[in-house]
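J.: Before we start, here is the structure in question, set down as structure tokens.
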Amino acid sequence: MKINDIRPDDVMADQAAAVEKDINWLKDRKDLFVKVPCPACGISDEVEMYEKFTMNHVCCKSCNTQYVNPRPPENMLAEFYSNSANYEYWAKFIFPASREARREKIFKPRTEIVRKLVKEYDISSGLMVEVGAAQGLFCEEITKLDIFDEIIAVEPTPELAKECRGLGLTTIESPWEQVQLNTPAKLIANFEVIEHLYDPAAFLKWCFKNLVDDGFLILTCPNIAGFEAMILGQESSILEHEHLNLFNPDSLSLLLKKCGFSVLEVATPGELDVELVQSCLDEKRITTEEIGPFFLQCINEENASVFQTFLKDAKLSSNMMLVAKK
Ligand SMILES: [Zn+2]
């Protein structure tokens with residue numbers, strides 16, 4: 001997978017203005033941001049880090065989760081996402097331009113992971129729910145497997161919910177907080193959702209409540225302890241203004257356990273670390289000295305592919321996936 005497949009250069013160019021607009025919207029409301037304890041371990045003992053895109057980042061001394069503190073309160077975030085120029089831009093331009101590439105490079109591999117999981121843990125029939133279904137590609141791919149009796153896409157963004165319905169998916173156009181399932185789910189999936197939330201623990205408790213006993217949860221999010229994040233620091237692609245919670249595999253496992261789950265699998269299936277570091281170097285946002293001679297060898301053309309495979313296998317990629325059981 002290449003960055004250009006899922007974020008085509010020509011449509012990404014105009015996105016900067018939309019992002020800038022969103023950041024300014026948040027900046028204007030900074031006085032109303034609220035202090036929170038660590039979103040993973042719940043302890044309030046943090047080290048100040050830096051400000052990026054108007055958001056103040058801290059690191060938890062206890063579990064090394066990096067998080068935005070203070071942060072926009074829940075009602076402000078809801079307003080932010082319903083008016084976001086960046087989300088509108090993604091829905092109108094980036095998602096349509098990269099739809100089939102995303103299906104092949106992101107959603108088919110994810111579907112394959114779920115297919116294996118379903119086989120391994122003997123999950124059959126029942127309800128599967130995806131929270132943050134976006135264009136509905138994952139739900140569409142899962143439907144083809146004919147495993148579940150029912151599939152529900154939860155998607156609060158109107159343009160995206162419309163796309164989900166267009167695919168014939170049962171769609172709930174609401175934020176998860178307002179969703180009460182009639183039947184508990186066998187599997188709840190959410191991809192790149194938890195890093196955006198004001199209160200990740202509340203979301204995981206919602207998932208727990210809405211699963212059958214022995215139900216499964218699968219989620220993906222950035223890994224702040226991954227290669228790209230560690231090497232690039234503030235220049236990492238993980239550092240978006242919308243990302244409030246930057247967990248590492250241990251801290252997210254800890255949070256899942258606190259919310260009642262047993263963690264079954266932790267993996268870092270990310271494939272873009274090396275390419276993201278290389279492009280940061282090409283754009284002179286980082287120097288060769290900062291990367292250092294050893295890692296420069298690791299990411300050169302000859303070694304890039306082997307090194308990325310190593311990062312995945314060693315659970316050191318900057319995108320992680322956890323599977324948990326109620
Ligand atoms: Zn912590």
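Naming works like this for the structure tokens: A, B, ... for the chains as they're shown, residue 1 at the start of each chain, ligands 1 onward in shown order.
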Env of region 288-291 of chain A: 10 Å cut, atoms = only C-alpha atoms, seq-sep filter 5 positions within chain, self excluded. Answer as a tab-separated table (two decimals) with N, CA and C atoms, in the first residue's frame.
T.:
chain	number	residue	atom	x	y	z
A	231	ILE	N	10.01	8.22	15.52
A	231	ILE	CA	11.06	8.88	14.75
A	231	ILE	C	10.67	10.31	14.39
A	232	LEU	N	9.41	10.50	14.01
A	232	LEU	CA	9.01	11.82	13.51
A	232	LEU	C	8.52	12.78	14.60
A	277	VAL	N	8.08	8.18	6.87
A	277	VAL	CA	9.35	8.76	7.31
A	277	VAL	C	10.15	9.25	6.10
A	281	LEU	N	11.30	13.13	5.18
A	281	LEU	CA	12.70	13.45	4.87
A	281	LEU	C	12.78	14.20	3.53
A	296	LEU	N	18.54	5.34	8.80
A	296	LEU	CA	18.61	5.71	7.38
A	296	LEU	C	18.86	4.47	6.52
A	297	GLN	N	19.69	3.56	7.06
A	297	GLN	CA	19.94	2.30	6.33
A	297	GLN	C	18.68	1.45	6.30
A	299	ILE	N	15.62	2.35	6.25
A	299	ILE	CA	14.52	2.84	5.39
A	299	ILE	C	14.97	3.07	3.95
J.: Do you know which residues are at most 6 Å from Phe148 (chain A) counting only C-alpha atoms, after dropping those on the same chain fewer than 2 positions away, and could you put them as a PDB file with all heavy atoms, in the first residue's frame?
T.:
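The file below, selection_35.pdb, is the result:
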ATOM      1  N   SER A 125     -23.496 -16.270  12.849  1.00  0.00           N
ATOM      2  CA  SER A 125     -24.817 -15.628  12.931  1.00  0.00           C
ATOM      3  C   SER A 125     -24.801 -14.398  13.859  1.00  0.00           C
ATOM      4  O   SER A 125     -23.754 -13.890  14.212  1.00  0.00           O
ATOM      5  CB  SER A 125     -25.889 -16.633  13.373  1.00  0.00           C
ATOM      6  OG  SER A 125     -25.677 -17.013  14.714  1.00  0.00           O
ATOM      7  N   GLY A 126     -25.955 -13.933  14.246  1.00  0.00           N
ATOM      8  CA  GLY A 126     -26.048 -12.779  15.137  1.00  0.00           C
ATOM      9  C   GLY A 126     -25.810 -11.455  14.438  1.00  0.00           C
ATOM     10  O   GLY A 126     -25.836 -11.349  13.209  1.00  0.00           O
ATOM     11  N   LEU A 127     -25.566 -10.445  15.250  1.00  0.00           N
ATOM     12  CA  LEU A 127     -25.457  -9.062  14.768  1.00  0.00           C
ATOM     13  C   LEU A 127     -24.018  -8.558  14.818  1.00  0.00           C
ATOM     14  O   LEU A 127     -23.312  -8.763  15.799  1.00  0.00           O
ATOM     15  CB  LEU A 127     -26.347  -8.180  15.667  1.00  0.00           C
ATOM     16  CG  LEU A 127     -26.180  -6.658  15.567  1.00  0.00           C
ATOM     17  CD1 LEU A 127     -26.651  -6.137  14.214  1.00  0.00           C
ATOM     18  CD2 LEU A 127     -26.945  -5.966  16.702  1.00  0.00           C
ATOM     19  N   ASP A 146     -21.266 -13.381   4.404  1.00  0.00           N
ATOM     20  CA  ASP A 146     -22.470 -14.102   4.805  1.00  0.00           C
ATOM     21  C   ASP A 146     -22.306 -14.838   6.146  1.00  0.00           C
ATOM     22  O   ASP A 146     -22.696 -15.994   6.288  1.00  0.00           O
ATOM     23  CB  ASP A 146     -22.847 -15.100   3.682  1.00  0.00           C
ATOM     24  CG  ASP A 146     -24.332 -15.421   3.718  1.00  0.00           C
ATOM     25  OD1 ASP A 146     -25.079 -14.643   4.337  1.00  0.00           O
ATOM     26  OD2 ASP A 146     -24.727 -16.460   3.162  1.00  0.00           O
ATOM     27  N   GLU A 150     -27.315 -10.074  10.703  1.00  0.00           N
ATOM     28  CA  GLU A 150     -27.647  -8.660  10.573  1.00  0.00           C
ATOM     29  C   GLU A 150     -26.376  -7.831  10.718  1.00  0.00           C
ATOM     30  O   GLU A 150     -25.509  -8.157  11.545  1.00  0.00           O
ATOM     31  CB  GLU A 150     -28.647  -8.279  11.683  1.00  0.00           C
ATOM     32  CG  GLU A 150     -29.323  -6.955  11.461  1.00  0.00           C
ATOM     33  CD  GLU A 150     -30.244  -6.560  12.624  1.00  0.00           C
ATOM     34  OE1 GLU A 150     -30.330  -7.316  13.615  1.00  0.00           O
ATOM     35  OE2 GLU A 150     -30.849  -5.483  12.528  1.00  0.00           O
TER      36      GLU A 150
END
J.: Please identify all protein, DNA and RNA residues within 9 Å of ligand 1, counting only C-alpha atoms and all ligand atoms, and report them as a VMD selection string.
T.: chain A and resid 37 to 46 59 to 66 251
J.: May I have the selected residues written with N, CA, C and O atoms, as a tab-separated table (two decimals), in the first residue's frame?
T.:
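Ended up saving to selection.tsv:
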chain	number	residue	atom	x	y	z
A	37	PRO	N	-8.18	13.60	33.32
A	37	PRO	CA	-7.09	12.70	33.70
A	37	PRO	C	-6.67	11.86	32.49
A	37	PRO	O	-7.29	11.95	31.43
A	38	CYS	N	-5.65	11.04	32.63
A	38	CYS	CA	-5.20	10.19	31.52
A	38	CYS	C	-6.36	9.34	31.01
A	38	CYS	O	-7.01	8.65	31.80
A	39	PRO	N	-6.62	9.36	29.70
A	39	PRO	CA	-7.76	8.59	29.16
A	39	PRO	C	-7.57	7.08	29.23
A	39	PRO	O	-8.53	6.34	29.07
A	40	ALA	N	-6.34	6.63	29.51
A	40	ALA	CA	-6.12	5.17	29.59
A	40	ALA	C	-6.14	4.69	31.03
A	40	ALA	O	-6.96	3.86	31.41
A	41	CYS	N	-5.25	5.24	31.88
A	41	CYS	CA	-5.13	4.70	33.25
A	41	CYS	C	-5.93	5.50	34.27
A	41	CYS	O	-6.13	5.05	35.38
A	42	GLY	N	-6.39	6.71	33.89
A	42	GLY	CA	-7.22	7.51	34.79
A	42	GLY	C	-6.45	8.31	35.82
A	42	GLY	O	-7.03	9.02	36.64
A	43	ILE	N	-5.10	8.24	35.77
A	43	ILE	CA	-4.27	8.97	36.74
A	43	ILE	C	-3.98	10.37	36.20
A	43	ILE	O	-3.80	10.55	35.00
A	44	SER	N	-3.96	11.36	37.11
A	44	SER	CA	-3.63	12.73	36.68
A	44	SER	C	-2.19	13.05	37.08
A	44	SER	O	-1.95	13.71	38.07
A	45	ASP	N	-1.24	12.52	36.33
A	45	ASP	CA	0.17	12.81	36.59
A	45	ASP	C	0.87	12.83	35.24
A	45	ASP	O	1.24	11.81	34.68
A	46	GLU	N	1.00	14.06	34.72
A	46	GLU	CA	1.41	14.18	33.33
A	46	GLU	C	2.62	15.09	33.15
A	46	GLU	O	2.89	15.95	33.99
A	59	CYS	N	2.03	13.89	28.32
A	59	CYS	CA	2.28	12.45	28.34
A	59	CYS	C	2.05	11.94	29.76
A	59	CYS	O	2.52	12.55	30.73
A	60	CYS	N	1.31	10.86	29.88
A	60	CYS	CA	1.04	10.28	31.20
A	60	CYS	C	2.31	9.61	31.74
A	60	CYS	O	2.90	8.77	31.07
A	61	LYS	N	2.71	10.01	32.95
A	61	LYS	CA	3.92	9.44	33.55
A	61	LYS	C	3.73	7.96	33.87
A	61	LYS	O	4.68	7.20	33.95
A	62	SER	N	2.49	7.59	34.11
A	62	SER	CA	2.23	6.23	34.54
A	62	SER	C	2.17	5.23	33.38
A	62	SER	O	2.73	4.14	33.47
A	63	CYS	N	1.48	5.59	32.25
A	63	CYS	CA	1.28	4.59	31.18
A	63	CYS	C	1.77	5.05	29.81
A	63	CYS	O	1.58	4.33	28.83
A	64	ASN	N	2.40	6.24	29.77
A	64	ASN	CA	2.96	6.76	28.50
A	64	ASN	C	1.95	7.02	27.39
A	64	ASN	O	2.32	7.08	26.22
A	65	THR	N	0.68	7.15	27.75
A	65	THR	CA	-0.29	7.60	26.75
A	65	THR	C	-0.06	9.09	26.52
A	65	THR	O	0.14	9.85	27.47
A	66	GLN	N	-0.04	9.48	25.25
A	66	GLN	CA	0.05	10.91	24.94
A	66	GLN	C	-1.36	11.41	24.67
A	66	GLN	O	-2.12	10.76	23.95
A	251	SER	N	-1.09	0.60	27.00
A	251	SER	CA	-2.07	1.48	27.66
A	251	SER	C	-3.49	1.22	27.15
A	251	SER	O	-4.46	1.28	27.91
J.: Select, from A:Val306, A:Ala185, A:Val212, A:Met55, the residue with the minimum atom-to-atom distance to Asn245 (chain A), counting only C-alpha atoms.
T.: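 Checking each of A:Val306, A:Ala185, A:Val212, A:Met55 against Asn245 (chain A), counting only C-alpha atoms, the winner is A:Met55.
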J.: Would you mind listing what lies within 9 Å of region 17-25 of chain A as a list in words, with only C-alpha atoms counted and same-chain residues fewer than 5 positions away left out?
T.: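 Once the adjacent positions are removed, what remains is Phe53, Thr54, Met55, Phe80, Asn83, Ser84, Ala85, Asn86, Tyr87, Glu88, Tyr89, His241 and Glu242 of chain A.
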J.: Can those selected residues be exported to a file as a short mmCIF file (atom, residue, chain, number, x, y, z; two decimals), in the first residue's frame so that it contains C-alpha atoms?
T.:
data_model
loop_
_atom_site.label_atom_id
_atom_site.label_comp_id
_atom_site.auth_asym_id
_atom_site.auth_seq_id
_atom_site.Cartn_x
_atom_site.Cartn_y
_atom_site.Cartn_z
CA PHE A 53 -2.30 22.55 15.78
CA THR A 54 -3.44 24.63 18.79
CA MET A 55 -3.80 21.48 20.93
CA PHE A 80 -17.12 20.45 15.73
CA ASN A 83 -19.64 21.45 11.08
CA SER A 84 -16.14 20.26 10.17
CA ALA A 85 -14.88 21.65 6.84
CA ASN A 86 -12.28 18.86 6.78
CA TYR A 87 -14.90 16.12 7.14
CA GLU A 88 -17.00 17.69 4.42
CA TYR A 89 -13.89 17.75 2.21
CA HIS A 241 -5.71 18.25 15.57
CA GLU A 242 -8.57 15.74 15.87
#
